[in-house]
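Text of start_28.cif, listed as mmCIF, C-alpha atoms (C1' of nucleotides):
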```
data_input
loop_
_atom_site.label_atom_id
_atom_site.label_comp_id
_atom_site.auth_asym_id
_atom_site.auth_seq_id
_atom_site.Cartn_x
_atom_site.Cartn_y
_atom_site.Cartn_z
CA MET M 1 34.92 206.07 190.70
CA GLU M 2 34.69 209.74 191.39
CA ALA M 3 33.38 210.01 194.89
CA ASP M 4 37.00 209.93 195.98
CA ARG M 5 37.96 212.98 194.03
CA ARG M 6 39.00 215.84 196.17
CA THR M 7 35.94 217.87 197.09
CA ARG M 8 36.52 221.27 198.47
CA LEU M 9 33.98 222.70 200.87
CA ALA M 10 33.58 226.02 202.56
CA PRO M 11 35.31 225.88 205.97
CA ASP M 12 32.03 226.26 207.85
CA GLU M 13 30.40 223.41 206.00
CA ARG M 14 33.36 221.11 206.36
CA ARG M 15 33.70 221.89 210.01
CA ALA M 16 29.99 221.34 210.59
CA GLN M 17 30.09 218.06 208.71
CA LEU M 18 33.04 216.78 210.70
CA VAL M 19 31.61 217.81 214.06
CA ALA M 20 28.22 216.34 213.16
CA LEU M 21 29.86 213.05 212.20
CA GLY M 22 31.73 213.11 215.48
CA VAL M 23 28.62 213.73 217.55
CA ALA M 24 26.76 211.02 215.66
CA SER M 25 29.44 208.47 216.34
CA LEU M 26 29.22 209.23 220.06
CA ALA M 27 25.85 207.54 219.91
CA ASP M 28 27.36 204.09 219.59
CA ARG M 29 30.99 204.55 220.56
CA PRO M 30 32.78 206.02 223.53
CA LEU M 31 34.64 209.29 223.04
CA GLU M 32 38.00 207.59 223.21
CA ALA M 33 37.08 205.62 220.07
CA LEU M 34 36.78 208.87 218.19
CA THR M 35 40.29 208.90 216.79
CA ILE M 36 41.54 211.16 214.02
CA GLU M 37 42.10 208.07 211.91
CA TYR M 38 38.54 206.85 212.37
CA LEU M 39 36.78 210.14 211.79
CA SER M 40 38.83 211.05 208.73
CA ALA M 41 37.99 207.66 207.21
CA GLN M 42 34.30 208.20 208.03
CA ALA M 43 34.35 211.58 206.36
CA GLY M 44 36.38 210.35 203.39
CA VAL M 45 39.01 212.97 204.04
CA SER M 46 42.69 212.96 204.86
CA ARG M 47 43.88 212.91 208.46
CA GLY M 48 45.77 216.09 207.85
CA LEU M 49 42.55 217.97 207.28
CA LEU M 50 41.34 217.23 210.76
CA PHE M 51 44.46 218.78 212.20
CA TYR M 52 43.95 221.75 209.92
CA TYR M 53 40.50 222.29 211.45
CA PHE M 54 40.91 221.15 215.02
CA GLY M 55 44.62 221.35 215.69
CA SER M 56 44.74 218.20 217.77
CA LYS M 57 42.75 215.18 218.74
CA GLN M 58 41.70 216.91 221.92
CA GLY M 59 40.70 219.98 219.96
CA LEU M 60 38.38 217.76 217.98
CA HIS M 61 37.07 216.18 221.15
CA ARG M 62 36.40 219.56 222.67
CA GLU M 63 34.31 220.67 219.72
CA VAL M 64 32.40 217.43 219.47
CA VAL M 65 31.67 217.28 223.18
CA SER M 66 30.76 220.98 223.29
CA THR M 67 28.29 220.46 220.49
CA ALA M 68 26.72 217.39 222.08
CA ARG M 69 26.56 219.23 225.38
CA ASP M 70 24.89 222.26 223.82
CA SER M 71 22.28 220.12 222.12
CA MET M 72 21.49 218.54 225.47
CA LEU M 73 21.36 221.85 227.28
CA HIS M 74 19.18 223.27 224.55
CA ALA M 75 16.82 220.30 224.51
CA THR M 76 16.34 220.55 228.25
CA GLU M 77 15.86 224.28 228.43
CA PRO M 78 12.46 225.12 229.87
CA ALA M 79 10.19 226.69 227.26
CA GLY M 80 8.32 229.79 228.38
CA HIS M 81 7.93 231.12 231.87
CA PHE M 82 6.73 228.78 234.55
CA PRO M 83 6.64 229.22 238.27
CA PRO M 84 9.71 227.60 239.85
CA LEU M 85 8.38 224.14 240.65
CA SER M 86 6.62 223.76 237.32
CA ARG M 87 9.80 224.81 235.61
CA LEU M 88 11.71 222.16 237.55
CA HIS M 89 9.13 219.57 236.55
CA ASP M 90 9.34 220.65 232.94
CA THR M 91 13.14 220.50 232.85
CA LEU M 92 13.26 217.09 234.50
CA THR M 93 10.68 215.74 232.07
CA ARG M 94 12.70 217.04 229.15
CA ILE M 95 15.87 215.50 230.50
CA VAL M 96 14.34 212.06 230.89
CA GLN M 97 12.99 212.39 227.38
CA PHE M 98 16.38 213.44 226.04
CA VAL M 99 18.12 210.57 227.77
CA ARG M 100 15.69 208.07 226.28
CA ASP M 101 15.91 209.61 222.82
CA HIS M 102 19.69 209.86 222.82
CA ARG M 103 20.91 207.08 225.06
CA GLY M 104 24.30 206.75 223.47
CA THR M 105 24.98 210.46 223.36
CA PHE M 106 23.93 210.97 226.95
CA PHE M 107 25.99 208.08 228.20
CA SER M 108 29.11 209.07 226.26
CA LEU M 109 28.72 212.62 227.51
CA VAL M 110 28.25 212.01 231.21
CA ARG M 111 30.42 208.91 231.50
CA GLY M 112 32.86 208.63 228.62
CA ALA M 113 33.93 212.24 228.61
CA ALA M 114 35.35 212.09 232.11
CA SER M 115 38.42 210.78 230.36
CA GLY M 116 41.71 212.09 229.21
CA ASP M 117 42.12 215.76 228.61
CA ARG M 118 41.42 218.30 231.35
CA GLU M 119 39.83 220.76 228.94
CA VAL M 120 37.44 218.13 227.62
CA ARG M 121 36.45 217.32 231.17
CA GLU M 122 35.78 220.96 231.81
CA VAL M 123 33.45 221.16 228.83
CA VAL M 124 31.22 218.53 230.42
CA GLU M 125 31.71 220.11 233.80
CA GLN M 126 30.20 223.29 232.40
CA ALA M 127 27.05 221.40 231.51
CA ARG M 128 26.77 220.23 235.09
CA ALA M 129 27.36 223.74 236.30
CA VAL M 130 24.54 225.01 234.08
CA GLN M 131 22.16 222.30 235.26
CA ALA M 132 23.09 223.02 238.86
CA GLU M 133 22.51 226.73 238.27
CA ARG M 134 19.05 226.01 236.92
CA VAL M 135 18.13 224.00 239.97
CA ILE M 136 19.63 226.52 242.36
CA ALA M 137 17.60 229.27 240.70
CA VAL M 138 14.42 227.30 241.31
CA PHE M 139 15.03 227.05 245.02
CA LEU M 140 16.30 230.58 245.44
CA GLU M 141 13.12 231.84 243.80
CA MET M 142 11.19 229.80 246.30
CA GLY M 143 12.88 231.62 249.12
CA VAL M 144 15.47 229.08 250.13
CA ALA M 145 18.50 230.80 251.62
CA ASP M 146 21.63 230.80 249.48
CA SER M 147 24.74 229.24 251.00
CA GLU M 148 27.93 227.46 250.07
CA MET M 149 26.45 224.22 251.30
CA LEU M 150 23.31 224.66 249.21
CA ARG M 151 25.42 225.06 246.12
CA ILE M 152 27.58 222.07 246.93
CA ALA M 153 24.45 220.05 247.65
CA LEU M 154 22.70 220.90 244.41
CA ARG M 155 25.83 220.40 242.37
CA ALA M 156 26.12 216.97 243.98
CA TRP M 157 22.47 216.36 243.28
CA VAL M 158 23.20 216.82 239.57
CA ALA M 159 25.64 213.93 239.85
CA PHE M 160 22.92 212.05 241.71
CA ALA M 161 20.46 212.72 238.90
CA GLU M 162 22.91 211.61 236.24
CA GLN M 163 23.49 208.32 237.99
CA THR M 164 19.77 207.85 238.51
CA LEU M 165 19.14 208.49 234.84
CA VAL M 166 21.81 206.04 233.77
CA ASP M 167 20.38 203.34 236.03
CA SER M 168 16.68 204.01 235.49
CA ALA M 169 16.07 205.63 232.13
CA LEU M 170 18.79 203.68 230.35
CA ASN M 171 18.65 200.34 232.10
CA THR M 172 15.08 199.77 233.23
CA GLU M 173 11.57 200.03 231.82
CA MET M 174 10.56 202.43 234.56
CA SER M 175 8.06 205.03 233.38
CA SER M 176 9.22 208.56 232.77
CA GLU M 177 6.67 209.90 235.25
CA GLU M 178 8.01 207.66 237.96
CA ILE M 179 11.58 208.78 237.31
CA VAL M 180 10.70 212.45 237.14
CA SER M 181 8.67 212.20 240.29
CA PHE M 182 11.51 210.51 242.16
CA LEU M 183 13.98 213.14 240.99
CA GLU M 184 11.64 215.88 242.16
CA ARG M 185 11.23 214.35 245.58
CA SER M 186 14.95 213.71 245.91
CA VAL M 187 15.99 217.24 245.06
CA LYS M 188 13.54 218.70 247.54
CA ALA M 189 14.75 216.24 250.13
CA VAL M 190 18.36 217.16 249.53
CA THR M 191 17.57 220.85 249.74
CA GLN M 192 15.95 220.33 253.10
CA ALA M 193 18.96 218.38 254.28
CA VAL M 194 20.97 221.60 253.89
CA ARG M 195 20.57 223.51 257.07
CA MET B 1 78.11 203.85 239.06
CA GLU B 2 76.55 200.57 240.00
CA ALA B 3 73.02 201.42 240.98
CA ASP B 4 72.19 200.87 237.32
CA ARG B 5 73.38 197.34 237.32
CA ARG B 6 70.65 194.85 236.71
CA THR B 7 69.06 193.91 240.02
CA ARG B 8 66.97 190.82 240.05
CA LEU B 9 64.10 190.64 242.51
CA ALA B 10 61.64 187.94 243.45
CA PRO B 11 58.51 188.39 241.31
CA ASP B 12 56.33 189.24 244.31
CA GLU B 13 58.66 191.96 245.47
CA ARG B 14 59.10 193.48 242.04
CA ARG B 15 55.37 193.42 241.41
CA ALA B 16 54.67 194.99 244.78
CA GLN B 17 57.29 197.67 244.18
CA LEU B 18 55.86 198.57 240.78
CA VAL B 19 52.27 198.66 241.95
CA ALA B 20 53.23 200.73 244.98
CA LEU B 21 55.06 203.20 242.77
CA GLY B 22 52.00 203.36 240.54
CA VAL B 23 49.62 204.01 243.41
CA ALA B 24 51.95 206.64 244.82
CA SER B 25 52.09 208.51 241.55
CA LEU B 26 48.30 208.65 241.48
CA ALA B 27 48.62 211.07 244.36
CA ASP B 28 49.87 213.87 242.13
CA ARG B 29 49.10 212.73 238.61
CA PRO B 30 45.99 211.50 236.84
CA LEU B 31 45.82 207.85 235.87
CA GLU B 32 46.33 208.63 232.20
CA ALA B 33 49.77 210.05 233.04
CA LEU B 34 50.78 206.65 234.36
CA THR B 35 52.39 205.43 231.15
CA ILE B 36 54.61 202.40 230.83
CA GLU B 37 57.40 204.72 229.84
CA TYR B 38 57.02 206.88 232.92
CA LEU B 39 56.68 204.12 235.46
CA SER B 40 59.60 202.11 234.11
CA ALA B 41 61.78 205.19 234.35
CA GLN B 42 60.59 205.80 237.90
CA ALA B 43 61.41 202.25 238.87
CA GLY B 44 64.75 202.28 237.03
CA VAL B 45 63.72 199.25 235.04
CA SER B 46 63.18 198.48 231.38
CA ARG B 47 59.80 198.97 229.75
CA GLY B 48 59.79 195.36 228.73
CA LEU B 49 59.66 194.30 232.34
CA LEU B 50 56.35 196.05 232.87
CA PHE B 51 54.84 194.09 230.03
CA TYR B 52 56.30 190.94 231.51
CA TYR B 53 54.43 191.62 234.75
CA PHE B 54 51.25 193.36 233.61
CA GLY B 55 50.85 192.37 229.98
CA SER B 56 49.59 195.75 228.88
CA LYS B 57 49.20 199.33 229.97
CA GLN B 58 45.63 198.64 230.96
CA GLY B 59 46.73 195.58 232.88
CA LEU B 60 48.99 197.85 234.87
CA HIS B 61 46.20 200.34 235.36
CA ARG B 62 43.85 197.64 236.55
CA GLU B 63 46.28 196.50 239.21
CA VAL B 64 47.15 199.99 240.36
CA VAL B 65 43.54 201.09 240.53
CA SER B 66 42.46 197.88 242.22
CA THR B 67 45.10 198.39 244.85
CA ALA B 68 44.18 202.01 245.46
CA ARG B 69 40.53 201.03 245.58
CA ASP B 70 41.16 198.26 248.08
CA SER B 71 43.11 200.55 250.34
CA MET B 72 40.21 202.98 250.30
CA LEU B 73 37.63 200.29 250.93
CA HIS B 74 39.75 198.91 253.70
CA ALA B 75 40.33 202.30 255.30
CA THR B 76 36.61 203.01 255.32
CA GLU B 77 35.48 199.64 256.58
CA PRO B 78 33.62 200.03 259.86
CA ALA B 79 35.59 198.53 262.72
CA GLY B 80 33.60 196.33 265.07
CA HIS B 81 29.86 195.94 265.30
CA PHE B 82 27.75 199.04 265.59
CA PRO B 83 24.04 199.49 265.27
CA PRO B 84 23.14 200.59 261.72
CA LEU B 85 23.13 204.37 262.13
CA SER B 86 26.32 204.42 264.19
CA ARG B 87 27.94 202.25 261.59
CA LEU B 88 26.88 204.70 258.91
CA HIS B 89 28.29 207.57 260.95
CA ASP B 90 31.52 205.69 261.48
CA THR B 91 31.93 204.87 257.79
CA LEU B 92 31.21 208.43 256.69
CA THR B 93 33.68 209.80 259.20
CA ARG B 94 36.33 207.42 257.94
CA ILE B 95 35.65 208.38 254.35
CA VAL B 96 36.01 212.09 255.01
CA GLN B 97 39.22 211.33 256.85
CA PHE B 98 40.50 209.21 253.98
CA VAL B 99 39.68 211.87 251.43
CA ARG B 100 41.54 214.50 253.40
CA ASP B 101 44.52 212.21 254.01
CA HIS B 102 44.77 211.03 250.43
CA ARG B 103 43.38 213.84 248.32
CA GLY B 104 45.24 212.94 245.16
CA THR B 105 44.49 209.27 245.37
CA PHE B 106 40.81 209.84 246.03
CA PHE B 107 40.47 212.31 243.20
CA SER B 108 42.35 210.17 240.68
CA LEU B 109 40.26 207.22 241.72
CA VAL B 110 36.78 208.70 241.52
CA ARG B 111 37.41 211.15 238.69
CA GLY B 112 40.43 210.18 236.66
CA ALA B 113 39.70 206.49 236.43
CA ALA B 114 36.45 206.97 234.58
CA SER B 115 38.65 207.08 231.54
CA GLY B 116 39.79 204.75 228.86
CA ASP B 117 39.45 201.08 229.35
CA ARG B 118 36.14 199.45 230.24
CA GLU B 119 37.73 197.02 232.66
CA VAL B 120 39.47 199.81 234.54
CA ARG B 121 36.18 201.63 234.83
CA GLU B 122 34.60 198.49 236.23
CA VAL B 123 37.26 198.25 238.91
CA VAL B 124 36.18 201.64 240.24
CA GLU B 125 32.56 200.78 239.67
CA GLN B 126 33.00 197.86 242.03
CA ALA B 127 34.08 200.23 244.75
CA ARG B 128 30.89 202.21 244.27
CA ALA B 129 28.89 199.01 244.34
CA VAL B 130 30.50 198.04 247.63
CA GLN B 131 29.85 201.45 249.16
CA ALA B 132 26.26 201.34 247.95
CA GLU B 133 25.86 197.86 249.42
CA ARG B 134 27.09 199.10 252.77
CA VAL B 135 24.57 201.90 252.80
CA ILE B 136 21.74 199.69 251.59
CA ALA B 137 22.50 197.24 254.38
CA VAL B 138 22.17 200.02 256.93
CA PHE B 139 18.68 200.91 255.79
CA LEU B 140 17.50 197.36 255.29
CA GLU B 141 18.53 196.61 258.88
CA MET B 142 16.49 199.58 259.94
CA GLY B 143 13.42 198.06 258.37
CA VAL B 144 13.28 200.05 255.13
CA ALA B 145 11.64 197.97 252.40
CA ASP B 146 13.94 196.72 249.67
CA SER B 147 13.08 197.77 246.10
CA GLU B 148 14.66 198.46 242.76
CA MET B 149 14.18 202.18 243.32
CA LEU B 150 15.86 202.06 246.72
CA ARG B 151 18.91 200.45 245.19
CA ILE B 152 19.02 202.92 242.33
CA ALA B 153 18.59 205.76 244.80
CA LEU B 154 21.39 204.68 247.10
CA ARG B 155 23.73 203.91 244.23
CA ALA B 156 23.02 207.43 242.98
CA TRP B 157 23.60 208.75 246.47
CA VAL B 158 27.11 207.31 246.35
CA ALA B 159 27.75 209.50 243.31
CA PHE B 160 26.21 212.37 245.28
CA ALA B 161 28.55 211.71 248.18
CA GLU B 162 31.60 211.56 245.91
CA GLN B 163 30.78 214.90 244.40
CA THR B 164 30.09 216.39 247.81
CA LEU B 165 33.44 215.11 249.04
CA VAL B 166 35.28 216.53 246.05
CA ASP B 167 33.65 219.93 246.54
CA SER B 168 33.74 220.10 250.32
CA ALA B 169 36.54 217.98 251.72
CA LEU B 170 38.96 218.76 248.90
CA ASN B 171 38.06 222.33 248.04
CA THR B 172 36.86 224.00 251.23
CA GLU B 173 37.89 224.30 254.82
CA MET B 174 34.56 222.91 255.98
CA SER B 175 34.85 220.83 259.13
CA SER B 176 34.66 217.07 258.91
CA GLU B 177 31.74 217.00 261.33
CA GLU B 178 29.78 219.37 259.16
CA ILE B 179 30.40 217.27 256.06
CA VAL B 180 29.58 214.00 257.77
CA SER B 181 26.46 215.44 259.24
CA PHE B 182 25.28 216.74 255.88
CA LEU B 183 25.95 213.39 254.23
CA GLU B 184 23.97 211.66 256.96
CA ARG B 185 21.01 213.97 256.57
CA SER B 186 21.11 213.71 252.79
CA VAL B 187 21.15 209.93 252.68
CA LYS B 188 18.22 209.73 255.06
CA ALA B 189 16.39 212.31 252.99
CA VAL B 190 17.04 210.41 249.77
CA THR B 191 15.86 207.18 251.35
CA GLN B 192 12.62 208.82 252.35
CA ALA B 193 12.16 210.17 248.85
CA VAL B 194 11.93 206.55 247.66
CA ARG B 195 8.33 205.55 248.00
"C1'" DG I 1 40.23 231.51 180.50
"C1'" DT I 2 43.48 232.72 183.99
"C1'" DG I 3 45.24 233.82 188.46
"C1'" DA I 4 45.13 233.85 193.33
"C1'" DC I 5 43.64 232.20 197.47
"C1'" DT I 6 43.27 228.41 200.47
"C1'" DA I 7 41.17 223.84 201.40
"C1'" DT I 8 43.18 219.52 201.05
"C1'" DT I 9 46.60 216.06 200.67
"C1'" DG I 10 50.52 212.83 201.49
"C1'" DA I 11 54.84 212.00 203.03
"C1'" DC I 12 57.48 212.56 207.12
"C1'" DT I 13 58.54 212.61 212.34
"C1'" DA I 14 57.71 211.53 217.18
"C1'" DT I 15 55.82 209.01 220.82
"C1'" DC I 16 54.05 205.23 222.86
"C1'" DT I 17 52.38 200.38 223.13
"C1'" DG I 18 53.38 195.73 222.59
"C1'" DT I 19 56.59 191.39 221.04
"C1'" DC I 20 60.38 188.42 221.51
"C1'" DA I 21 64.82 186.27 221.32
"C1'" DA I 22 68.97 187.03 223.82
"C1'" DT I 23 71.24 187.97 228.30
"C1'" DA I 24 72.62 187.78 232.96
"C1'" DG I 25 71.67 187.50 238.09
"C1'" DA I 26 70.94 184.30 241.89
"C1'" DG I 27 70.43 180.23 244.21
"C1'" DG I 28 71.15 175.15 244.44
"C1'" DA I 29 73.87 170.80 243.45
"C1'" DG I 30 78.10 168.87 243.48
"C1'" DC A 1 84.00 177.36 245.62
"C1'" DT A 2 82.36 176.50 240.86
"C1'" DC A 3 79.31 175.47 237.63
"C1'" DC A 4 74.54 174.95 236.01
"C1'" DT A 5 69.98 175.86 235.50
"C1'" DC A 6 66.06 178.70 235.81
"C1'" DT A 7 63.89 182.82 234.86
"C1'" DA A 8 63.89 187.87 235.76
"C1'" DT A 9 65.40 191.34 232.87
"C1'" DT A 10 66.83 193.63 228.83
"C1'" DG A 11 67.23 195.84 224.17
"C1'" DA A 12 66.21 195.80 219.61
"C1'" DC A 13 62.27 195.60 216.79
"C1'" DA A 14 57.38 196.30 214.83
"C1'" DG A 15 52.81 198.60 214.78
"C1'" DA A 16 49.59 202.13 215.77
"C1'" DT A 17 48.38 206.79 216.22
"C1'" DA A 18 49.22 211.90 217.01
"C1'" DG A 19 51.06 215.78 214.99
"C1'" DT A 20 53.90 218.80 211.15
"C1'" DC A 21 54.43 220.88 206.81
"C1'" DA A 22 55.53 221.85 202.08
"C1'" DA A 23 53.27 220.70 197.85
"C1'" DT A 24 48.90 220.34 195.27
"C1'" DA A 25 44.52 221.29 193.32
"C1'" DG A 26 39.52 223.14 193.72
"C1'" DT A 27 36.90 227.20 193.21
"C1'" DC A 28 35.76 231.85 192.76
"C1'" DA A 29 36.64 236.63 191.07
"C1'" DC A 30 38.02 239.09 187.36
#
```
Can you dump the structure from the file as structure tokens?
Amino acid sequence: MEADRRTRLAPDERRAQLVALGVASLADRPLEALTIEYLSAQAGVSRGLLFYYFGSKQGLHREVVSTARDSMLHATEPAGHFPPLSRLHDTLTRIVQFVRDHRGTFFSLVRGAASGDREVREVVEQARAVQAERVIAVFLEMGVADSEMLRIALRAWVAFAEQTLVDSALNTEMSSEEIVSFLERSVKAVTQAVR
Amino acid sequence: MEADRRTRLAPDERRAQLVALGVASLADRPLEALTIEYLSAQAGVSRGLLFYYFGSKQGLHREVVSTARDSMLHATEPAGHFPPLSRLHDTLTRIVQFVRDHRGTFFSLVRGAASGDREVREVVEQARAVQAERVIAVFLEMGVADSEMLRIALRAWVAFAEQTLVDSALNTEMSSEEIVSFLERSVKAVTQAVR
DNA sequence: GTGACTATTGACTATCTGTCAATAGAGGAG
DNA sequence: CTCCTCTATTGACAGATAGTCAATAGTCAC
């Protein structure tokens, strides 16, 4: 009978709490189910407060998706300095691990967030751009010639990898090694198909 | 001063008119902009009528997207009987052509329609399944061994091809032959990466 | 304690989806 | 040609959800 009394937090804390709740609920709900109504109820806070912090529903979505995206990018960042192919192997291994550890988050991010708002889409698009950049760097370091087609190809390969991860890491019992190894072979194959 | 008088059409005609209007507006607007409000205004008809025909907004979306999808699948269906690789070449050529002839529709279909409703998503997913089936058939006929990984790989390649088309056919002046040829090389490469 | 700053609320508006009984166009029977 | 019936079409209504804003109440500094 007092948990419902108004509790006033520092803006940073409140914001962090709300975003964290949002990210967490992506694990078992699509982004579109993250309504102002739902999240404010979850947080035990008025709807008005969410507008105070995020301005709009899409503002909220942007922050939540950005945060989920950053945690994925961070979790799949190669640690230390490897030679190019080892770094690729390391990153792919981390991604498969991340997908299996955060199925819901990964799926909501790469599938659900294609929805609605253009700016939200762009947030996810940035993640793909970063992943593509990482892969491009690997091949450039190995002496592959840069070209428009190479960039298109490796950006498309990121989409390929996402779909592969959804179908293999999420929906089969395939071993991580097998998946990683297939992704490695496929990206090399695609790179060679650029001429 | 009489165009606004109530005009009563046969259900088939009215339905066809509304769906056609919906598909047409996909050419320059994302699916989410296709609201009941907007389409009824376009058609010069009451909002209630759209519910009478489609039951819900998502019902409308399903029909519009299904129709757009079917027109794409139909336009990219290989004509006549070719040997496998020629058939592949033919289909890819038709797809590039379709993408360039119907930029808006293609983009709304493969990008915009990932949104909202699960059933709408599945409508587009079916198109990908059909495209994947076509490609799988090509390689099976060529004696490639069937396997779970092959199917995952070629389904993922469809996503690869979509992204390639968005980036090349929509956003560059690259020649159709160049795009088709790259897609051919990449799908063969991916198939060989399955082991 | 008291005052000031601002995090938080709740009541209000706007927009859009969805429901349904009432209405009117169009074709057939006479 | 007229009326009658069937149903395509409407408009008024209800419900959900986004967004606005002036009023309120924690909390910290003094």
Picked residues, the PyMOL selection byres ((chain I and resi 1-17) around 7), as a PDB file with C-alpha atoms (C1' of nucleotides), keeping the file's coordinate frame:
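What follows is the written file selection_12.pdb:
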```pdb
ATOM      1  CA  ARG M   8      36.520 221.270 198.470  1.00  0.00           C
ATOM      2  CA  SER M  46      42.690 212.960 204.860  1.00  0.00           C
ATOM      3  CA  LEU M  49      42.550 217.970 207.280  1.00  0.00           C
TER       4      LEU M  49
ATOM      5  C1'  DG I  18      53.380 195.730 222.590  1.00  0.00           C
TER       6       DG I  18
END
```
Please enclose the listed atoms of region 64-71 of chain M in an axis-aligned box, pad each side by 6 Å, and write out the centre and the three edge lengths in Å, rounded to one decimal, as lines of an AutoDock Vina configuration file.
```
center_x = 27.3
center_y = 219.8
center_z = 222.4
size_x = 22.1
size_y = 17.0
size_z = 17.9
```
Work out how far CA of Glu162 (chain M) is from CA of Asp101 (chain M), in Å to one decimal.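 For CA of Asp101 (chain M) relative to CA of Glu162 (chain M), the distance reads 15.3 Å.
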List the neighbours of region 12-22 of chain A out to 8 Å using all atoms listed in the file; skip same-chain residues closer than 4 positions along the sequence, and give me the result as a PyMOL selection string. (chain M and resi 37+51+56-57) or (chain I and resi 13+19)
List, as a ChimeraX atom specification, every residue that the PyMOL selection byres ((chain M and resi 187-193) around 8) selects in the file provided. /M:150,153-154,157,183-186,194-195 /B:182,185-186,189-190,193
Please, could you write that set of residues out with C-alpha atoms as a PDB file, in the frame of the given file?
```pdb
ATOM      1  CA  LEU M 150      23.310 224.660 249.210  1.00  0.00           C
ATOM      2  CA  ALA M 153      24.450 220.050 247.650  1.00  0.00           C
ATOM      3  CA  LEU M 154      22.700 220.900 244.410  1.00  0.00           C
ATOM      4  CA  TRP M 157      22.470 216.360 243.280  1.00  0.00           C
ATOM      5  CA  LEU M 183      13.980 213.140 240.990  1.00  0.00           C
ATOM      6  CA  GLU M 184      11.640 215.880 242.160  1.00  0.00           C
ATOM      7  CA  ARG M 185      11.230 214.350 245.580  1.00  0.00           C
ATOM      8  CA  SER M 186      14.950 213.710 245.910  1.00  0.00           C
ATOM      9  CA  VAL M 194      20.970 221.600 253.890  1.00  0.00           C
ATOM     10  CA  ARG M 195      20.570 223.510 257.070  1.00  0.00           C
TER      11      ARG M 195
ATOM     12  CA  PHE B 182      25.280 216.740 255.880  1.00  0.00           C
ATOM     13  CA  ARG B 185      21.010 213.970 256.570  1.00  0.00           C
ATOM     14  CA  SER B 186      21.110 213.710 252.790  1.00  0.00           C
ATOM     15  CA  ALA B 189      16.390 212.310 252.990  1.00  0.00           C
ATOM     16  CA  VAL B 190      17.040 210.410 249.770  1.00  0.00           C
ATOM     17  CA  ALA B 193      12.160 210.170 248.850  1.00  0.00           C
TER      18      ALA B 193
END
```
Could you work out how far CA of Ile95 (chain B) lies from CA of Asn171 (chain B), giving the answer in Å with one decimal?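 CA of Asn171 (chain B) sits 15.5 Å away from CA of Ile95 (chain B).
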Pick from B:Val45, B:Ala27, B:Val120, B:Leu39 nearest to chain A, counting all atoms listed in the file: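 Closest candidate: B:Val45.
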